[in-house]
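Student: Pasting coords_25.cif below, which is mmCIF, C-alpha atoms.
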```cif
data_entry
loop_
_atom_site.label_atom_id
_atom_site.label_comp_id
_atom_site.auth_asym_id
_atom_site.auth_seq_id
_atom_site.Cartn_x
_atom_site.Cartn_y
_atom_site.Cartn_z
CA MET A 1 0.00 0.00 0.00
CA ILE A 2 1.09 3.56 -0.67
CA GLU A 3 0.55 5.83 2.31
CA VAL A 4 -1.00 9.25 1.94
CA LEU A 5 -0.25 12.13 4.25
CA ILE A 6 -2.45 15.19 4.05
CA LEU A 7 -0.69 18.42 4.98
CA THR A 8 -3.05 21.25 5.61
CA GLY A 9 -3.07 24.57 7.46
CA PHE A 10 -4.14 28.13 6.84
CA LEU A 11 -2.40 30.51 4.43
CA GLY A 12 1.06 31.40 5.65
CA SER A 13 1.12 28.80 8.39
CA GLY A 14 4.34 27.25 7.10
CA LYS A 15 3.20 24.21 5.16
CA THR A 16 5.50 24.73 2.22
CA THR A 17 8.54 25.47 4.37
CA LEU A 18 7.88 22.37 6.40
CA LEU A 19 7.36 20.22 3.34
CA GLY A 20 10.50 21.50 1.67
CA ARG A 21 12.54 20.53 4.70
CA LEU A 22 10.87 17.17 5.11
CA LEU A 23 11.61 16.25 1.52
CA ARG A 24 15.31 16.62 2.18
CA GLN A 25 15.15 13.95 4.88
CA PRO A 26 15.95 10.37 3.90
CA GLU A 27 12.75 9.20 5.57
CA PHE A 28 10.82 11.20 3.00
CA SER A 29 12.61 9.89 -0.04
CA ARG A 30 10.44 8.31 -2.72
CA THR A 31 7.64 10.72 -2.00
CA ALA A 32 5.21 12.05 -4.56
CA VAL A 33 3.86 15.45 -3.62
CA ILE A 34 0.63 16.92 -4.86
CA VAL A 35 0.66 20.65 -4.26
CA ASN A 36 -2.69 22.35 -4.50
CA GLU A 37 -2.40 26.07 -4.98
CA PHE A 38 -5.09 28.67 -5.08
CA GLY A 39 -4.97 30.94 -8.08
CA GLU A 40 -4.14 30.77 -11.72
CA ILE A 41 -0.40 30.67 -11.33
CA GLY A 42 1.13 28.45 -8.75
CA LEU A 43 4.22 29.45 -6.88
CA ASP A 44 4.57 27.13 -3.94
CA HIS A 45 5.82 24.23 -6.02
CA ASP A 46 8.78 26.33 -7.12
CA LEU A 47 9.67 26.86 -3.50
CA ILE A 48 9.88 23.18 -2.74
CA GLU A 49 13.13 21.51 -3.43
CA ALA A 50 12.90 17.77 -3.47
CA SER A 51 15.53 15.09 -3.81
CA GLU A 52 15.82 13.32 -7.13
CA ASP A 53 13.83 10.34 -5.98
CA SER A 54 10.77 12.39 -5.23
CA LEU A 55 8.45 14.22 -7.56
CA ILE A 56 6.10 17.13 -7.32
CA GLU A 57 2.77 17.55 -9.07
CA LEU A 58 0.93 20.82 -9.18
CA GLN A 59 -2.78 21.43 -9.10
CA THR A 60 -4.14 24.93 -9.27
CA GLY A 61 -7.51 25.99 -8.00
CA CYS A 62 -8.84 25.20 -4.60
CA LEU A 63 -9.47 21.57 -3.80
CA CYS A 64 -12.40 22.44 -1.64
CA CYS A 65 -14.07 24.37 -4.43
CA LYS A 66 -13.26 22.16 -7.39
CA ILE A 67 -14.85 18.86 -7.91
CA ARG A 68 -13.04 16.10 -6.17
CA SER A 69 -12.50 14.26 -9.42
CA ASP A 70 -9.57 16.58 -10.12
CA LEU A 71 -7.65 15.18 -7.20
CA ALA A 72 -8.71 11.65 -8.01
CA ALA A 73 -7.49 12.09 -11.60
CA THR A 74 -4.14 13.38 -10.37
CA ILE A 75 -3.68 10.40 -8.05
CA HIS A 76 -4.75 7.95 -10.77
CA ASP A 77 -2.27 9.52 -13.15
CA LEU A 78 0.53 9.31 -10.59
CA LEU A 79 -0.20 5.66 -9.88
CA ARG A 80 -0.34 4.84 -13.59
CA ARG A 81 3.01 6.53 -14.25
CA ARG A 82 4.48 4.70 -11.28
CA ASP A 83 3.22 1.37 -12.64
CA GLU A 84 4.69 2.14 -16.05
CA GLY A 85 8.04 3.04 -14.54
CA ALA A 86 7.77 6.58 -15.86
CA VAL A 87 8.35 8.04 -12.40
CA VAL A 88 10.23 6.90 -9.32
CA PRO A 89 8.51 4.08 -7.47
CA PHE A 90 7.27 6.34 -4.72
CA THR A 91 5.98 4.80 -1.52
CA ARG A 92 4.25 7.85 -0.14
CA ILE A 93 2.03 10.64 -1.41
CA VAL A 94 1.89 13.95 0.41
CA ILE A 95 -1.04 16.17 -0.50
CA GLU A 96 -0.38 19.76 0.45
CA THR A 97 -3.71 21.53 0.36
CA SER A 98 -4.23 25.17 -0.40
CA GLY A 99 -4.33 27.30 2.72
CA LEU A 100 -7.96 28.07 2.01
CA ALA A 101 -8.96 24.47 1.46
CA ASP A 102 -11.33 22.39 3.47
CA PRO A 103 -9.48 19.11 3.99
CA ALA A 104 -12.69 17.08 4.21
CA PRO A 105 -13.18 16.65 0.44
CA VAL A 106 -9.60 15.44 0.17
CA LEU A 107 -10.26 12.78 2.78
CA GLN A 108 -13.48 11.86 1.06
CA THR A 109 -11.69 11.36 -2.26
CA LEU A 110 -9.40 8.84 -0.65
CA MET A 111 -12.39 7.02 0.78
CA THR A 112 -14.83 7.05 -2.08
CA ASP A 113 -12.74 6.28 -5.14
CA ALA A 114 -12.56 2.50 -5.08
CA ALA A 115 -9.51 2.27 -7.34
CA ILE A 116 -7.62 4.70 -5.14
CA ALA A 117 -8.81 3.19 -1.87
CA GLU A 118 -7.47 -0.23 -2.79
CA ARG A 119 -3.98 1.10 -3.44
CA VAL A 120 -3.47 3.85 -0.90
CA VAL A 121 -3.98 4.11 2.82
CA LEU A 122 -4.41 7.29 4.82
CA ARG A 123 -1.41 7.84 7.04
CA GLY A 124 -2.94 10.87 8.66
CA VAL A 125 -3.80 14.55 8.53
CA VAL A 126 -1.17 17.01 9.75
CA THR A 127 -2.27 20.62 10.26
CA THR A 128 0.20 23.45 10.64
CA VAL A 129 -0.71 26.31 12.96
CA ASP A 130 1.23 29.56 13.06
CA ALA A 131 2.35 30.40 16.61
CA VAL A 132 2.42 34.10 15.77
CA ASN A 133 -1.01 34.57 14.19
CA GLY A 134 -2.65 31.29 15.06
CA THR A 135 -5.07 32.52 17.71
CA ALA A 136 -6.33 35.40 15.61
CA THR A 137 -6.61 33.23 12.53
CA LEU A 138 -8.59 30.58 14.39
CA ASP A 139 -10.91 33.29 15.69
CA ARG A 140 -11.41 34.92 12.34
CA GLU A 141 -11.26 32.13 9.77
CA GLU A 142 -13.65 29.27 10.19
CA ILE A 143 -11.79 27.16 7.65
CA SER A 144 -8.71 27.44 9.82
CA ALA A 145 -10.65 26.05 12.77
CA LYS A 146 -11.90 23.21 10.62
CA GLN A 147 -8.39 22.40 9.42
CA ALA A 148 -7.31 22.13 13.05
CA ALA A 149 -10.37 20.14 14.06
CA VAL A 150 -9.86 17.31 11.58
CA ALA A 151 -6.13 16.88 12.22
CA ASP A 152 -4.52 13.73 13.54
CA ARG A 153 -1.54 15.87 14.49
CA LEU A 154 -1.20 19.61 15.03
CA LEU A 155 2.11 21.21 14.27
CA LEU A 156 3.00 24.63 15.67
CA THR A 157 5.21 26.61 13.32
CA LYS A 158 7.10 29.90 13.60
CA THR A 159 7.91 29.15 17.20
CA ASP A 160 11.27 30.83 16.62
CA LEU A 161 9.31 34.09 16.26
CA ALA A 162 6.89 33.61 19.12
CA ARG A 163 6.51 31.19 21.96
CA PRO A 164 3.22 29.33 21.75
CA GLN A 165 0.75 31.26 23.88
CA THR A 166 -1.40 29.58 26.45
CA ALA A 167 -4.46 30.95 24.68
CA LEU A 168 -3.45 29.26 21.44
CA MET A 169 -2.78 25.93 23.11
CA ARG A 170 -6.12 26.14 24.89
CA ARG A 171 -7.90 26.97 21.65
CA LEU A 172 -6.33 24.01 19.88
CA LYS A 173 -7.32 21.75 22.74
CA GLU A 174 -10.87 23.01 22.46
CA LEU A 175 -10.96 22.34 18.75
CA ASN A 176 -9.24 18.99 18.76
CA ALA A 177 -8.61 17.40 22.10
CA THR A 178 -7.30 14.16 20.64
CA ALA A 179 -4.55 15.40 18.32
CA PRO A 180 -1.09 15.77 19.82
CA VAL A 181 0.43 19.22 19.42
CA GLN A 182 4.04 19.32 18.30
CA ILE A 183 6.43 22.15 17.71
CA ALA A 184 8.43 22.64 14.56
CA GLN A 185 11.73 24.41 15.20
CA HIS A 186 12.57 26.71 12.29
CA GLY A 187 10.17 24.78 10.11
CA GLN A 188 11.80 21.49 10.93
CA ILE A 189 10.57 18.42 12.68
CA ALA A 190 11.98 14.93 12.78
CA PRO A 191 10.01 12.83 10.30
CA ARG A 192 9.46 10.09 12.87
CA ASP A 193 7.90 12.63 15.23
CA LEU A 194 5.58 13.79 12.52
CA LEU A 195 4.51 10.33 11.48
CA ASN A 196 4.15 8.68 14.87
CA GLY A 197 0.58 8.51 15.99
CA CYS A 198 -0.89 8.32 12.54
CA LEU A 199 -3.31 5.60 11.59
CA TYR A 200 -1.19 3.43 9.35
CA ASP A 201 2.13 2.11 10.57
CA PRO A 202 4.17 1.14 7.51
CA LEU A 203 6.72 -0.79 9.56
CA THR A 204 4.19 -3.26 10.85
CA ARG A 205 1.79 -2.66 7.95
CA SER A 206 -0.97 -2.39 10.46
CA LEU A 207 -3.35 0.19 11.83
CA ASP A 208 -2.08 1.94 14.95
CA VAL A 209 -5.50 2.68 16.32
CA ARG A 210 -4.50 3.62 19.84
CA SER A 211 -2.24 6.42 18.69
CA TRP A 212 -4.69 7.45 16.00
CA LEU A 213 -7.57 7.87 18.40
CA GLY A 214 -5.39 9.73 20.87
CA ALA A 215 -6.45 10.61 24.37
CA GLU A 216 -10.13 10.70 25.06
CA PRO A 217 -11.31 14.29 25.11
CA ASP A 218 -12.15 15.23 28.67
CA ALA A 219 -14.04 18.40 28.09
CA HIS A 220 -16.98 19.63 26.13
CA GLU A 221 -15.85 22.85 24.55
CA HIS A 222 -17.04 24.99 21.70
CA HIS A 223 -15.44 27.23 19.12
CA HIS A 224 -17.12 28.11 15.84
CA GLY A 225 -19.59 25.49 17.06
CA ILE A 226 -16.86 22.86 16.69
CA ASP A 227 -16.84 20.27 19.39
CA THR A 228 -14.89 17.11 20.09
CA TYR A 229 -16.24 14.33 22.23
CA ALA A 230 -15.86 10.63 22.73
CA LEU A 231 -18.43 7.93 23.09
CA VAL A 232 -17.13 5.04 25.14
CA ARG A 233 -19.08 1.84 25.60
CA SER A 234 -18.20 -1.25 27.52
CA GLU A 235 -20.91 -3.41 25.99
CA PRO A 236 -20.34 -4.68 22.44
CA LEU A 237 -22.49 -3.22 19.68
CA ARG A 238 -24.48 -5.31 17.28
CA ALA A 239 -23.32 -4.83 13.70
CA VAL A 240 -26.84 -3.79 12.67
CA THR A 241 -26.91 -1.14 15.38
CA LEU A 242 -23.67 0.32 14.13
CA THR A 243 -24.95 0.34 10.54
CA LEU A 244 -28.14 2.19 11.54
CA PHE A 245 -26.18 4.54 13.79
CA LEU A 246 -23.80 5.56 11.00
CA GLU A 247 -26.70 5.87 8.56
CA ALA A 248 -28.61 8.25 10.84
CA ILE A 249 -25.51 10.31 11.58
CA ALA A 250 -24.65 10.64 7.91
CA GLU A 251 -28.22 11.54 7.04
CA HIS A 252 -28.83 14.11 9.76
CA CYS A 253 -25.39 15.57 10.36
CA GLY A 254 -23.99 15.70 6.84
CA ALA A 255 -21.31 18.35 6.55
CA ASP A 256 -21.47 19.08 10.27
CA LEU A 257 -19.84 15.79 11.06
CA LEU A 258 -16.29 16.95 10.44
CA ARG A 259 -14.77 13.66 11.35
CA LEU A 260 -15.60 10.44 13.12
CA LYS A 261 -13.01 7.85 13.96
CA GLY A 262 -13.23 4.92 16.24
CA ILE A 263 -12.61 1.37 17.25
CA VAL A 264 -15.73 -0.66 17.88
CA ASN A 265 -16.34 -3.90 19.72
CA ILE A 266 -18.81 -5.74 17.49
CA LEU A 267 -20.89 -8.39 19.23
CA GLU A 268 -20.59 -10.78 16.29
CA SER A 269 -16.80 -10.35 16.11
CA PRO A 270 -15.55 -10.21 19.69
CA GLU A 271 -11.91 -10.90 18.91
CA ARG A 272 -11.51 -8.62 15.92
CA PRO A 273 -12.57 -5.01 16.49
CA ALA A 274 -13.75 -2.82 13.65
CA VAL A 275 -12.13 0.50 12.80
CA ILE A 276 -14.52 3.13 11.51
CA HIS A 277 -13.70 6.41 9.82
CA GLY A 278 -16.10 8.98 8.47
CA VAL A 279 -15.81 12.48 7.07
CA GLN A 280 -19.06 14.41 6.69
CA HIS A 281 -21.51 12.06 4.98
CA VAL A 282 -18.85 9.71 3.66
CA PHE A 283 -17.78 6.65 5.58
CA HIS A 284 -14.84 4.46 4.81
CA PRO A 285 -15.59 0.74 4.70
CA PRO A 286 -14.69 -0.57 8.14
CA SER A 287 -11.31 -2.16 8.61
CA TRP A 288 -10.98 -5.17 10.88
CA LEU A 289 -8.01 -5.39 13.18
CA PRO A 290 -6.47 -8.84 13.54
CA ARG A 291 -6.76 -8.49 17.31
CA TRP A 292 -7.39 -5.96 20.06
CA PRO A 293 -4.44 -3.58 20.36
CA SER A 294 -4.64 -3.67 24.19
CA ASP A 295 -6.64 -5.12 27.04
CA ASP A 296 -9.06 -2.25 26.66
CA ARG A 297 -11.94 -3.76 24.70
CA ARG A 298 -14.31 -0.86 25.01
CA SER A 299 -15.72 0.75 21.91
CA ARG A 300 -14.32 4.26 21.54
CA MET A 301 -15.64 6.68 18.98
CA ILE A 302 -14.26 10.20 18.63
CA PHE A 303 -16.63 12.75 17.15
CA ILE A 304 -15.47 16.08 15.76
CA THR A 305 -18.61 17.98 14.97
CA ARG A 306 -20.05 21.39 14.33
CA ASP A 307 -23.25 22.20 16.21
CA ILE A 308 -24.21 18.59 16.83
CA PRO A 309 -25.03 18.15 20.51
CA ARG A 310 -23.39 15.25 22.21
CA GLY A 311 -26.76 14.45 23.79
CA TRP A 312 -28.24 13.71 20.39
CA ILE A 313 -25.45 11.29 19.48
CA GLU A 314 -25.78 9.50 22.82
CA ALA A 315 -29.57 9.35 22.66
CA LEU A 316 -29.43 8.04 19.09
CA LEU A 317 -27.10 5.20 19.97
CA ALA A 318 -29.07 4.28 23.09
CA ALA A 319 -32.38 4.22 21.20
CA LEU A 320 -31.04 2.19 18.28
CA ASP A 321 -29.29 -0.22 20.59
CA ALA A 322 -32.51 -0.87 22.50
CA GLU A 323 -34.56 -1.27 19.35
CA VAL A 324 -32.15 -3.69 17.68
CA ALA A 325 -31.85 -5.67 20.91
CA ALA A 326 -35.64 -5.87 21.17
CA VAL A 327 -35.99 -6.98 17.55
CA SER A 328 -33.30 -9.61 17.92
CA ARG A 329 -35.14 -10.99 20.94
CA GLY A 330 -38.43 -10.87 19.07
CA MET A 331 -39.88 -8.49 21.60
CA PRO A 332 -42.63 -5.99 20.88
CA ILE A 333 -42.01 -2.34 21.69
CA MET B 334 -32.75 -2.14 34.08
CA THR B 335 -32.70 -1.08 30.45
CA ALA B 336 -35.11 1.66 29.44
CA ALA B 337 -37.95 0.78 27.07
CA PRO B 338 -37.54 1.71 23.39
CA SER B 339 -40.40 4.23 23.68
CA ASP B 340 -38.69 6.04 26.55
CA LEU B 341 -35.42 6.09 24.65
CA LEU B 342 -37.12 7.24 21.45
CA CYS B 343 -38.82 10.05 23.38
CA GLU B 344 -35.45 11.16 24.73
CA LEU B 345 -33.96 10.94 21.23
CA LEU B 346 -36.77 13.08 19.80
CA THR B 347 -36.28 15.64 22.57
CA GLN B 348 -32.57 15.78 21.77
CA SER B 349 -33.37 15.92 18.06
CA LEU B 350 -35.48 19.06 18.48
CA LEU B 351 -32.52 20.67 20.23
CA ALA B 352 -30.10 19.52 17.54
CA TRP B 353 -32.35 20.78 14.76
CA ARG B 354 -32.99 24.05 16.62
CA ILE B 355 -36.72 23.55 16.59
CA THR B 356 -38.68 24.99 19.46
CA GLY B 357 -40.96 22.30 20.77
CA GLU B 358 -41.16 19.23 22.90
CA ALA B 359 -41.61 15.49 22.81
CA CYS B 360 -43.52 13.69 25.53
CA LEU B 361 -44.91 10.26 26.24
CA VAL B 362 -48.71 10.25 26.10
CA GLY B 363 -49.49 6.69 27.13
CA GLY B 364 -49.34 3.29 25.48
CA GLY B 365 -45.80 3.96 24.38
CA ALA B 366 -46.97 6.79 22.08
CA ILE B 367 -44.97 10.01 21.80
CA LEU B 368 -46.42 13.38 20.86
CA ILE B 369 -43.98 15.80 19.26
CA SER B 370 -44.91 19.46 18.93
CA GLY B 371 -42.67 21.74 16.98
CA GLY B 372 -43.37 24.96 15.15
CA CYS B 373 -47.04 24.74 14.24
CA ARG B 374 -47.01 21.01 13.60
CA ARG B 375 -47.74 17.98 15.73
CA VAL B 376 -46.60 14.45 15.08
CA LEU B 377 -47.74 11.36 16.96
CA VAL B 378 -45.44 8.36 16.99
CA LYS B 379 -46.81 5.13 18.40
CA PRO B 380 -45.80 1.50 18.46
CA ALA B 381 -47.17 -0.48 15.53
CA PRO B 382 -49.46 -3.42 16.27
CA SER B 383 -47.46 -6.62 16.55
CA ASP B 384 -49.10 -8.14 13.46
CA LEU B 385 -47.62 -5.46 11.22
CA PRO B 386 -44.10 -5.78 9.81
CA PHE B 387 -43.20 -2.33 11.16
CA ARG B 388 -42.04 -1.06 14.49
CA TRP B 389 -43.73 2.31 14.54
CA LEU B 390 -46.61 4.29 13.09
CA VAL B 391 -46.12 7.99 12.51
CA ALA B 392 -49.29 10.11 12.34
CA ILE B 393 -48.90 13.45 10.58
CA ASP B 394 -51.95 15.61 9.94
CA GLY B 395 -54.18 12.64 10.64
CA ARG B 396 -52.47 10.36 8.17
CA GLU B 397 -50.57 7.36 9.47
CA ARG B 398 -47.41 6.13 7.86
CA PRO B 399 -45.39 3.09 8.88
CA ALA B 400 -41.77 3.32 9.96
CA ILE B 401 -39.62 0.26 9.97
CA SER B 402 -37.13 1.56 12.51
CA ILE B 403 -36.15 4.54 14.61
CA VAL B 404 -34.07 5.82 11.70
CA ALA B 405 -37.24 6.01 9.59
CA VAL B 406 -39.16 7.70 12.43
CA LEU B 407 -36.45 10.30 12.75
CA ARG B 408 -36.55 11.02 9.02
CA GLN B 409 -40.32 11.45 8.93
CA VAL B 410 -40.39 13.67 11.99
CA ARG B 411 -37.65 15.91 10.67
CA GLU B 412 -39.21 16.18 7.21
CA THR B 413 -42.38 17.37 8.91
CA LEU B 414 -41.00 19.76 11.50
CA ASP B 415 -37.86 21.14 9.90
CA PRO B 416 -38.79 23.06 6.74
CA GLY B 417 -35.16 23.77 5.95
CA TYR B 418 -34.24 20.13 5.92
CA ALA B 419 -33.41 18.74 2.53
CA THR B 420 -33.70 15.00 2.83
CA ARG B 421 -30.28 13.58 2.35
CA ARG B 422 -31.11 9.94 2.46
CA VAL B 423 -28.01 7.91 2.97
CA ARG B 424 -27.57 4.20 2.85
CA ILE B 425 -24.63 2.76 4.66
CA GLY B 426 -23.87 -0.63 3.19
CA ALA B 427 -24.77 -3.40 5.59
CA PHE B 428 -21.96 -3.73 8.06
CA PRO B 429 -20.46 -7.20 7.70
CA LEU B 430 -21.25 -9.27 10.73
CA VAL B 431 -17.82 -10.81 10.75
CA PRO B 432 -14.51 -9.80 9.20
CA PRO B 433 -13.97 -11.06 5.64
#
```
Output the file's structure as structure tokens, nothing else.
Tutor:
Amino acid sequence: MIEVLILTGFLGSGKTTLLGRLLRQPEFSRTAVIVNEFGEIGLDHDLIEASEDSLIELQTGCLCCKIRSDLAATIHDLLRRRDEGAVVPFTRIVIETSGLADPAPVLQTLMTDAAIAERVVLRGVVTTVDAVNGTATLDREEISAKQAAVADRLLLTKTDLARPQTALMRRLKELNATAPVQIAQHGQIAPRDLLNGCLYDPLTRSLDVRSWLGAEPDAHEHHHGIDTYALVRSEPLRAVTLTLFLEAIAEHCGADLLRLKGIVNILESPERPAVIHGVQHVFHPPSWLPRWPSDDRRSRMIFITRDIPRGWIEALLAALDAEVAAVSRGMPI
Amino acid sequence: MTAAPSDLLCELLTQSLLAWRITGEACLVGGGAILISGGCRRVLVKPAPSDLPFRWLVAIDGRERPAISIVAVLRQVRETLDPGYATRRVRIGAFPLVPP
């Protein structure tokens, strides 16, 4: 499988600087980069210097505005050229989104295009946040808040210019309690630090769900209506309950479900938990882990939402669980 | 003791009104039926008779419609009470009961 890393962050937050430095590291050799730039004439790709065994593709226009097929076509083309030996046999794709882009459609493309989904695996979403202007940008620009909310890892940049303020750290925690926050020194970070904690572990070729889910959010905070919370259940869920639950969430939450990720104890598969991943109304087919990653066999689902009360999610699951249990026992209401 | 599906559905409908920002309420009115008032509309949800292949009956403006599950109840209630709601019917493929 070829891993895909999505690098996002608001305009001027240091994505290109970071990427340029990463591409000089041996760990990032054999990387194909898709740079999405906003505007007719791209510039960022000229600022990135890659080693000879990496390649850079340019897309202009904003991924969040253009139809997703553009990105899919670019990935298909890259994979075809790789298969034909026309480009280096890259093992990783980094998608650097435009600073104004909503990363959700990018995630959805990776999930919904069957030909892409069978060849690539999401390594994670890394969001850069500027330590100088980050707080103001998060206050002012909703897309910036969304970029932070969907991240698997938050990366503070420009810390040589300003120490990360408590207010910024608190704001990031409010937006995304589960993503670790790391600091890039002069636009640099050790590749292993950046990649640890992402979903797919290429060394073991397995899903590192514990790191991916992160710590359970302990608070119920709001910013731009964005909220992160966890549903934790000790009792296994019936597969039908989970199907109905996801269906209702997708139908009623739509774009307000920024991201859902979780590990679920399925009653019919007690030894092999399911990994679920959804972005807005799109859900990835569940992956099945070969075994539980720890002794903790509780279902844990992390919701990153906008204006969706936690009470509704909890009430929905409780009601569906009771109904499916009653039906399976042949009980009337 | 586990709560009855009607109690849980009533709580879900109460939470749904909050989530959809509809002023109103949902309350149990006996026999497992739930009356939902929101805006100028009223919807009555009641358990379907056991000889019908449905779980619920949803009465809107005097007309009863069957609902096979809570998901269907939720859809019908929202379509009635939330004028801004564009039905975005989604089908999640049946979750495999066991790993492939």
Student: Run the PyMOL selection byres ((chain A and resi 289) around 7) on the file and write out the hits as a list in words.
Tutor: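 Selected by the PyMOL selection byres ((chain A and resi 289) around 7) in this file: Arg272, Pro273, Ala274, Ser287, Trp288, Pro290, Arg291 and Trp292 of chain A.
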Student: Limited to C-alpha atoms, could you put the picked residues into a file as a PDB file, in the coordinates of the input?
Tutor:
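Everything below was put into result_37.pdb:
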```pdb
ATOM      1  CA  ARG A 272     -11.510  -8.620  15.920  1.00  0.00           C
ATOM      2  CA  PRO A 273     -12.570  -5.010  16.490  1.00  0.00           C
ATOM      3  CA  ALA A 274     -13.750  -2.820  13.650  1.00  0.00           C
ATOM      4  CA  SER A 287     -11.310  -2.160   8.610  1.00  0.00           C
ATOM      5  CA  TRP A 288     -10.980  -5.170  10.880  1.00  0.00           C
ATOM      6  CA  PRO A 290      -6.470  -8.840  13.540  1.00  0.00           C
ATOM      7  CA  ARG A 291      -6.760  -8.490  17.310  1.00  0.00           C
ATOM      8  CA  TRP A 292      -7.390  -5.960  20.060  1.00  0.00           C
TER       9      TRP A 292
END
```
Student: With 10 Å as the threshold, what does the neighbourhood of (-47.7, 13.2, 13.7) contain in terms of residues, counting only C-alpha atoms? Coordinates are those of the file; answer as number ranges by chain.
Tutor: B: 367-370, 374-379, 390-398, 409-410, 413-414
Student: Store the residues picked out above, limited to C-alpha atoms, as a tab-separated table (two decimals), in the frame of the given file.
Tutor:
```tsv
chain	number	residue	atom	x	y	z
B	367	ILE	CA	-44.97	10.01	21.80
B	368	LEU	CA	-46.42	13.38	20.86
B	369	ILE	CA	-43.98	15.80	19.26
B	370	SER	CA	-44.91	19.46	18.93
B	374	ARG	CA	-47.01	21.01	13.60
B	375	ARG	CA	-47.74	17.98	15.73
B	376	VAL	CA	-46.60	14.45	15.08
B	377	LEU	CA	-47.74	11.36	16.96
B	378	VAL	CA	-45.44	8.36	16.99
B	379	LYS	CA	-46.81	5.13	18.40
B	390	LEU	CA	-46.61	4.29	13.09
B	391	VAL	CA	-46.12	7.99	12.51
B	392	ALA	CA	-49.29	10.11	12.34
B	393	ILE	CA	-48.90	13.45	10.58
B	394	ASP	CA	-51.95	15.61	9.94
B	395	GLY	CA	-54.18	12.64	10.64
B	396	ARG	CA	-52.47	10.36	8.17
B	397	GLU	CA	-50.57	7.36	9.47
B	398	ARG	CA	-47.41	6.13	7.86
B	409	GLN	CA	-40.32	11.45	8.93
B	410	VAL	CA	-40.39	13.67	11.99
B	413	THR	CA	-42.38	17.37	8.91
B	414	LEU	CA	-41.00	19.76	11.50
```
Student: Excluding Glu27 in chain A and residues on its chain fewer than 6 positions from it, collect all residues at most 10 Å away from it, counting all atoms listed in the file, and give them as a ChimeraX atom specification.
Tutor: /A:190-192
Student: Using all atoms listed in the file - which residues lie no farther than 10 Å from the point (-36.1, 5.7, 24.8) in the file's frame? Write them as JSON, numbers by chain.
Tutor: {"A": [315, 316, 318, 319, 320, 321, 322, 323], "B": [335, 336, 337, 338, 339, 340, 341, 342, 343, 344, 345, 346, 365]}
Student: May I ask for the distance between CA of Ser13 in chain A and CA of Ala179 in chain A, given in Å to one decimal place?
Tutor: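 Spanning CA of Ser13 in chain A to CA of Ala179 in chain A is a straight-line distance of 17.6 Å.
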